[in-house]
Amino acid sequence: MSARWEDLDEGTTGPAPLVVGPLTRTDFVRYQGASGDMNPVHHDETFAHAAGYPAPLGVGMFAAGLLNTWATGWLGAENVRRTKVRWREQVWPGDVLTCSGTVARRYLEGLERRVDLDLVCTRQDGGVAIVGWATFVVPP
Amino acid sequence: MVDKAALGAVGVPFTLDVERGKIHELARAVHSTDPAHFTGDHPVTPPTFLTTMFFWEELVAGSNPWALVQMDQKRGMHAEQEYVFHGPPPRAGTRLTCQSRIAEIYEKEGRRGGTLVFAVMVTEFRDASGRLVAEARLTGVETAHSSRGTPPAPRTTEEG
């Protein structure tokens, strides 16, 4: 939470990406228990196979949470004012996810200093699992 | 098959108590070690914390109007999720009153042919004074063909 307004030029990439993985079924189960989404397709191998999948599907909101963990680690959890994710590619057990982003815009809204971020969560093969957008205030 | 008559449906209001232990649990699950979520009596919530509203709406019949959209489970998926905060995100100890509504249903032509049907559910979160603290915006999409290999439709209370 030490980012300074002066350092947040458009195009700034911020701290090192958050790399998580190889993802385990335990990651999915822990997230599901925490979030309340107990859809068995994310943890029950038998159920996932019956639905036509080779393995339990990654939980979309889990990966979205990782992306936001990276963003708030940079700009401060109490400073976020908006976050939006769009899912692109499915995530699987064994994947290694890399979460990062850049400053897309730095501006004043009234007297408040704000930055908009472009966020991206990629899989180990470079495929994009999630694209995201977030807005943070930058306190003096 | 999406039922366009669901547009405008409003859920029964429900309560969400922002709890410290739940914040720890969710933050840990998304691999956060940020002290902002783990220290003090009133830690701030992670940005996607309000997804835990599922625990609370399950307690109130009629609170989740998403089932009325009747999105096909095999052709539907969670396309986008957005949270907007009108000030800092809520902290532990806050009691929020929440209400969901089906705010949009619209169609688009898919890039690979076939019509995509989108539905948007907006949930408003208000504090004890009635101030709008946050809004969640869930977008689901129903494709013309089976969406195998893509994320499943947003969970509803009916799926348990």
# chains A, B, ... in the order shown; residues from 1 in each chain; ligands from 1
>>> residues_around(residues="Ala64 (chain A)", least_positions_apart="5", cutoff="12 Å", atoms="only C-alpha atoms", output="JSON, numbers by chain")
{"A": [31, 58, 59, 69, 70, 71, 83, 84, 85, 86, 87, 88, 91, 97, 98, 99, 100, 119, 120, 121, 122, 129, 130, 131, 132, 133, 134], "B": [29, 30, 31, 46, 47, 48, 49, 51, 78, 79, 80, 81, 82, 83]}
>>> write_last_selection(atoms="C-alpha atoms", output="tab-separated table (two decimals), in the first residue's frame")
chain	number	residue	atom	x	y	z
A	31	TYR	CA	-12.02	-21.59	-2.20
A	58	GLY	CA	-11.07	-24.51	-11.97
A	59	VAL	CA	-13.37	-22.16	-10.07
A	69	THR	CA	-5.10	-10.28	-4.56
A	70	TRP	CA	-2.32	-9.08	-6.83
A	71	ALA	CA	-4.02	-5.71	-7.48
A	83	THR	CA	-13.24	-4.52	-10.10
A	84	LYS	CA	-14.52	-6.46	-13.06
A	85	VAL	CA	-13.45	-9.74	-14.58
A	86	ARG	CA	-14.28	-11.52	-17.82
A	87	TRP	CA	-13.51	-15.22	-18.14
A	88	ARG	CA	-11.80	-16.41	-21.28
A	91	VAL	CA	-8.38	-23.34	-15.74
A	97	LEU	CA	-1.48	-18.87	-13.12
A	98	THR	CA	0.29	-15.54	-13.44
A	99	CYS	CA	-1.60	-12.43	-12.34
A	100	SER	CA	-0.42	-8.98	-13.37
A	119	LEU	CA	-5.52	-6.84	-15.36
A	120	VAL	CA	-4.71	-10.20	-16.86
A	121	CYS	CA	-4.45	-13.75	-15.53
A	122	THR	CA	-2.55	-16.07	-17.85
A	129	ALA	CA	-7.76	-17.21	-18.37
A	130	ILE	CA	-9.17	-13.85	-17.30
A	131	VAL	CA	-9.04	-10.23	-18.35
A	132	GLY	CA	-9.98	-7.66	-15.76
A	133	TRP	CA	-10.34	-3.99	-15.00
A	134	ALA	CA	-10.09	-2.25	-11.68
B	29	ALA	CA	-8.38	-19.00	-0.16
B	30	VAL	CA	-7.32	-16.39	-2.74
B	31	HIS	CA	-3.68	-16.64	-1.56
B	46	PRO	CA	-11.11	-8.60	-0.24
B	47	PRO	CA	-12.63	-7.18	-3.47
B	48	THR	CA	-14.55	-10.36	-4.34
B	49	PHE	CA	-15.71	-11.05	-0.76
B	51	THR	CA	-19.57	-13.48	-3.45
B	78	HIS	CA	-20.60	-17.12	-15.88
B	79	ALA	CA	-19.24	-14.57	-18.34
B	80	GLU	CA	-18.39	-11.55	-16.20
B	81	GLN	CA	-18.47	-10.42	-12.60
B	82	GLU	CA	-18.14	-6.89	-11.35
B	83	TYR	CA	-18.09	-5.22	-7.92
>>> select_by_dssp(residues="region 79-127 of chain A", states="strand (DSSP E)", output="ChimeraX atom specification")
/A:80-87,97-109,112-122
>>> write_last_selection(atoms="N, CA and C atoms", output="CSV table (one decimal), in the first residue's frame")
chain,number,residue,atom,x,y,z
A,80,VAL,N,-9.8,0.0,-3.3
A,80,VAL,CA,-10.4,-0.4,-4.5
A,80,VAL,C,-11.8,0.1,-4.6
A,81,ARG,N,-12.2,0.6,-5.7
A,81,ARG,CA,-13.6,1.1,-5.9
A,81,ARG,C,-14.4,0.4,-7.0
A,82,ARG,N,-13.7,-0.4,-7.8
A,82,ARG,CA,-14.4,-1.2,-8.8
A,82,ARG,C,-13.4,-2.3,-9.2
A,83,THR,N,-14.0,-3.5,-9.5
A,83,THR,CA,-13.2,-4.5,-10.1
A,83,THR,C,-14.2,-5.3,-11.0
A,84,LYS,N,-13.7,-5.7,-12.1
A,84,LYS,CA,-14.5,-6.5,-13.1
A,84,LYS,C,-13.7,-7.5,-13.7
A,85,VAL,N,-14.2,-8.7,-13.9
A,85,VAL,CA,-13.4,-9.7,-14.6
A,85,VAL,C,-14.3,-10.3,-15.7
A,86,ARG,N,-13.6,-10.8,-16.7
A,86,ARG,CA,-14.3,-11.5,-17.8
A,86,ARG,C,-13.5,-12.8,-18.0
A,87,TRP,N,-14.2,-13.9,-18.0
A,87,TRP,CA,-13.5,-15.2,-18.1
A,87,TRP,C,-13.3,-15.5,-19.6
A,97,LEU,N,-0.9,-20.1,-12.7
A,97,LEU,CA,-1.5,-18.9,-13.1
A,97,LEU,C,-0.6,-17.7,-12.8
A,98,THR,N,-0.5,-16.7,-13.7
A,98,THR,CA,0.3,-15.5,-13.4
A,98,THR,C,-0.6,-14.3,-13.5
A,99,CYS,N,-0.7,-13.6,-12.4
A,99,CYS,CA,-1.6,-12.4,-12.3
A,99,CYS,C,-0.8,-11.1,-12.4
A,100,SER,N,-1.2,-10.2,-13.3
A,100,SER,CA,-0.4,-9.0,-13.4
A,100,SER,C,-1.3,-7.9,-14.0
A,101,GLY,N,-0.8,-6.7,-14.1
A,101,GLY,CA,-1.6,-5.7,-14.7
A,101,GLY,C,-0.8,-4.4,-14.9
A,102,THR,N,-1.4,-3.4,-15.5
A,102,THR,CA,-0.8,-2.1,-15.8
A,102,THR,C,-1.7,-1.0,-15.5
A,103,VAL,N,-1.2,0.2,-15.3
A,103,VAL,CA,-2.0,1.4,-15.1
A,103,VAL,C,-2.5,1.8,-16.5
A,104,ALA,N,-3.8,1.8,-16.7
A,104,ALA,CA,-4.3,2.2,-18.0
A,104,ALA,C,-4.6,3.7,-18.0
A,105,ARG,N,-4.9,4.3,-16.9
A,105,ARG,CA,-5.3,5.7,-16.8
A,105,ARG,C,-5.1,6.2,-15.4
A,106,ARG,N,-4.6,7.4,-15.3
A,106,ARG,CA,-4.4,8.1,-14.1
A,106,ARG,C,-5.2,9.5,-14.2
A,107,TYR,N,-6.0,9.7,-13.2
A,107,TYR,CA,-6.9,10.9,-13.4
A,107,TYR,C,-7.4,11.4,-12.0
A,108,LEU,N,-8.0,12.6,-12.0
A,108,LEU,CA,-8.7,13.1,-10.8
A,108,LEU,C,-10.2,13.0,-11.1
A,109,GLU,N,-10.9,12.5,-10.0
A,109,GLU,CA,-12.3,12.5,-10.1
A,109,GLU,C,-12.8,13.4,-8.9
A,112,GLU,N,-10.4,13.6,-5.9
A,112,GLU,CA,-9.8,12.3,-5.6
A,112,GLU,C,-8.9,11.8,-6.7
A,113,ARG,N,-7.7,11.3,-6.3
A,113,ARG,CA,-6.8,10.8,-7.3
A,113,ARG,C,-7.2,9.3,-7.5
A,114,ARG,N,-7.3,9.0,-8.8
A,114,ARG,CA,-7.6,7.6,-9.1
A,114,ARG,C,-6.8,7.0,-10.2
A,115,VAL,N,-6.7,5.7,-10.2
A,115,VAL,CA,-6.1,5.0,-11.4
A,115,VAL,C,-7.0,3.9,-11.8
A,116,ASP,N,-7.0,3.6,-13.1
A,116,ASP,CA,-7.7,2.5,-13.7
A,116,ASP,C,-6.6,1.5,-14.1
A,117,LEU,N,-6.8,0.2,-13.8
A,117,LEU,CA,-5.8,-0.8,-14.1
A,117,LEU,C,-6.4,-1.8,-15.2
A,118,ASP,N,-5.6,-2.2,-16.1
A,118,ASP,CA,-5.9,-3.4,-16.9
A,118,ASP,C,-5.3,-4.6,-16.3
A,119,LEU,N,-6.0,-5.6,-16.0
A,119,LEU,CA,-5.5,-6.8,-15.4
A,119,LEU,C,-5.6,-8.0,-16.3
A,120,VAL,N,-4.7,-9.0,-16.1
A,120,VAL,CA,-4.7,-10.2,-16.9
A,120,VAL,C,-4.2,-11.4,-16.0
A,121,CYS,N,-4.9,-12.5,-16.2
A,121,CYS,CA,-4.4,-13.8,-15.5
A,121,CYS,C,-4.2,-14.8,-16.6
A,122,THR,N,-2.9,-15.2,-16.8
A,122,THR,CA,-2.6,-16.1,-17.9
A,122,THR,C,-2.2,-17.5,-17.3
>>> residues_around(residues="Gly62 (chain B)", least_positions_apart="6", cutoff="9 Å", atoms="only C-alpha atoms", output="compact mmCIF listing (two decimals) with N, CA and C atoms, in the first residue's frame")
# COMPACT_ATOMS: atom_id res chain seq x y z
N VAL B 10 -37.41 -8.92 -8.93
CA VAL B 10 -36.69 -8.40 -7.75
C VAL B 10 -36.76 -9.43 -6.63
N GLY B 11 -35.61 -9.69 -6.00
CA GLY B 11 -35.55 -10.66 -4.92
C GLY B 11 -35.97 -10.05 -3.59
N VAL B 12 -36.29 -10.93 -2.67
CA VAL B 12 -36.60 -10.53 -1.30
C VAL B 12 -35.30 -10.04 -0.65
N PRO B 13 -35.30 -8.93 0.06
CA PRO B 13 -34.07 -8.46 0.71
C PRO B 13 -33.54 -9.48 1.72
>>> atom_distance(atom1="CA of Arg25 (chain A)", atom2="CA of Glu58 (chain B)")
25.3 Å
>>> closest_residue(among="B:Val84, B:Ala6, B:Ala67, B:Met53", to="chain A", atoms="only C-alpha atoms")
B:Val84
>>> select_by_dssp(residues="chain B", states="alpha helix (DSSP H)", output="ChimeraX atom specification")
/B:20-29,35-38,53-57
>>> residues_around(residues="Ser100 (chain B)", least_positions_apart="4", cutoff="9 Å", atoms="only C-alpha atoms", output="ChimeraX atom specification")
/B:9-13,63-66,121-124,136
>>> write_last_selection(atoms="C-alpha atoms", output="PDB file, in the first residue's frame")
ATOM      1  CA  ALA B   9     -37.699  -9.564 -11.237  1.00  0.00           C
ATOM      2  CA  VAL B  10     -36.695  -8.403  -7.749  1.00  0.00           C
ATOM      3  CA  GLY B  11     -35.551 -10.658  -4.924  1.00  0.00           C
ATOM      4  CA  VAL B  12     -36.603 -10.527  -1.302  1.00  0.00           C
ATOM      5  CA  PRO B  13     -34.071  -8.460   0.713  1.00  0.00           C
ATOM      6  CA  SER B  63     -33.947 -13.693  -2.333  1.00  0.00           C
ATOM      7  CA  ASN B  64     -32.171 -14.869  -5.493  1.00  0.00           C
ATOM      8  CA  PRO B  65     -34.146 -14.127  -8.678  1.00  0.00           C
ATOM      9  CA  TRP B  66     -31.464 -15.695 -10.927  1.00  0.00           C
ATOM     10  CA  MET B 121     -28.252  -9.683 -12.050  1.00  0.00           C
ATOM     11  CA  VAL B 122     -27.425  -6.639  -9.926  1.00  0.00           C
ATOM     12  CA  THR B 123     -27.246  -6.901  -6.139  1.00  0.00           C
ATOM     13  CA  GLU B 124     -27.212  -3.769  -3.992  1.00  0.00           C
ATOM     14  CA  ALA B 136     -22.422  -6.673  -7.543  1.00  0.00           C
TER      15      ALA B 136
END
>>> residues_around(residues="region 2-8 of chain A", least_positions_apart="3", cutoff="7 Å", atoms="only C-alpha atoms", output="count of residues only")
5
>>> residues_around(residues="Gly36 (chain A)", least_positions_apart="3", cutoff="8 Å", atoms="only C-alpha atoms", output="VMD selection string")
(chain A and resid 32 to 33) or (chain B and resid 52 54 to 55)
>>> write_last_selection(atoms="N, CA and C atoms", output="CSV table (one decimal), in the first residue's frame")
chain,number,residue,atom,x,y,z
A,32,GLN,N,-13.9,-23.0,-2.6
A,32,GLN,CA,-15.4,-23.3,-2.6
A,32,GLN,C,-16.0,-23.2,-1.2
A,33,GLY,N,-15.3,-23.8,-0.2
A,33,GLY,CA,-15.7,-23.8,1.2
A,33,GLY,C,-15.8,-22.3,1.7
B,52,THR,N,-19.7,-14.2,-1.1
B,52,THR,CA,-20.2,-15.0,0.0
B,52,THR,C,-21.6,-14.7,0.4
B,54,PHE,N,-23.9,-15.8,-1.1
B,54,PHE,CA,-24.7,-17.0,-1.3
B,54,PHE,C,-25.1,-17.7,0.0
B,55,PHE,N,-24.2,-17.6,1.0
B,55,PHE,CA,-24.5,-18.2,2.3
B,55,PHE,C,-25.7,-17.6,2.9
>>> atom_distance(atom1="CA of Leu66 (chain A)", atom2="CA of Ala92 (chain B)")
20.8 Å
>>> closest_residue(among="B:Gly76, B:Gly8, B:Gly113, B:Pro90", to="chain A", atoms="only C-alpha atoms")
B:Pro90
>>> closest_residue(among="A:Asp125, A:Glu89, A:Glu10, A:Asp44", to="chain B", atoms="only C-alpha atoms")
A:Glu89
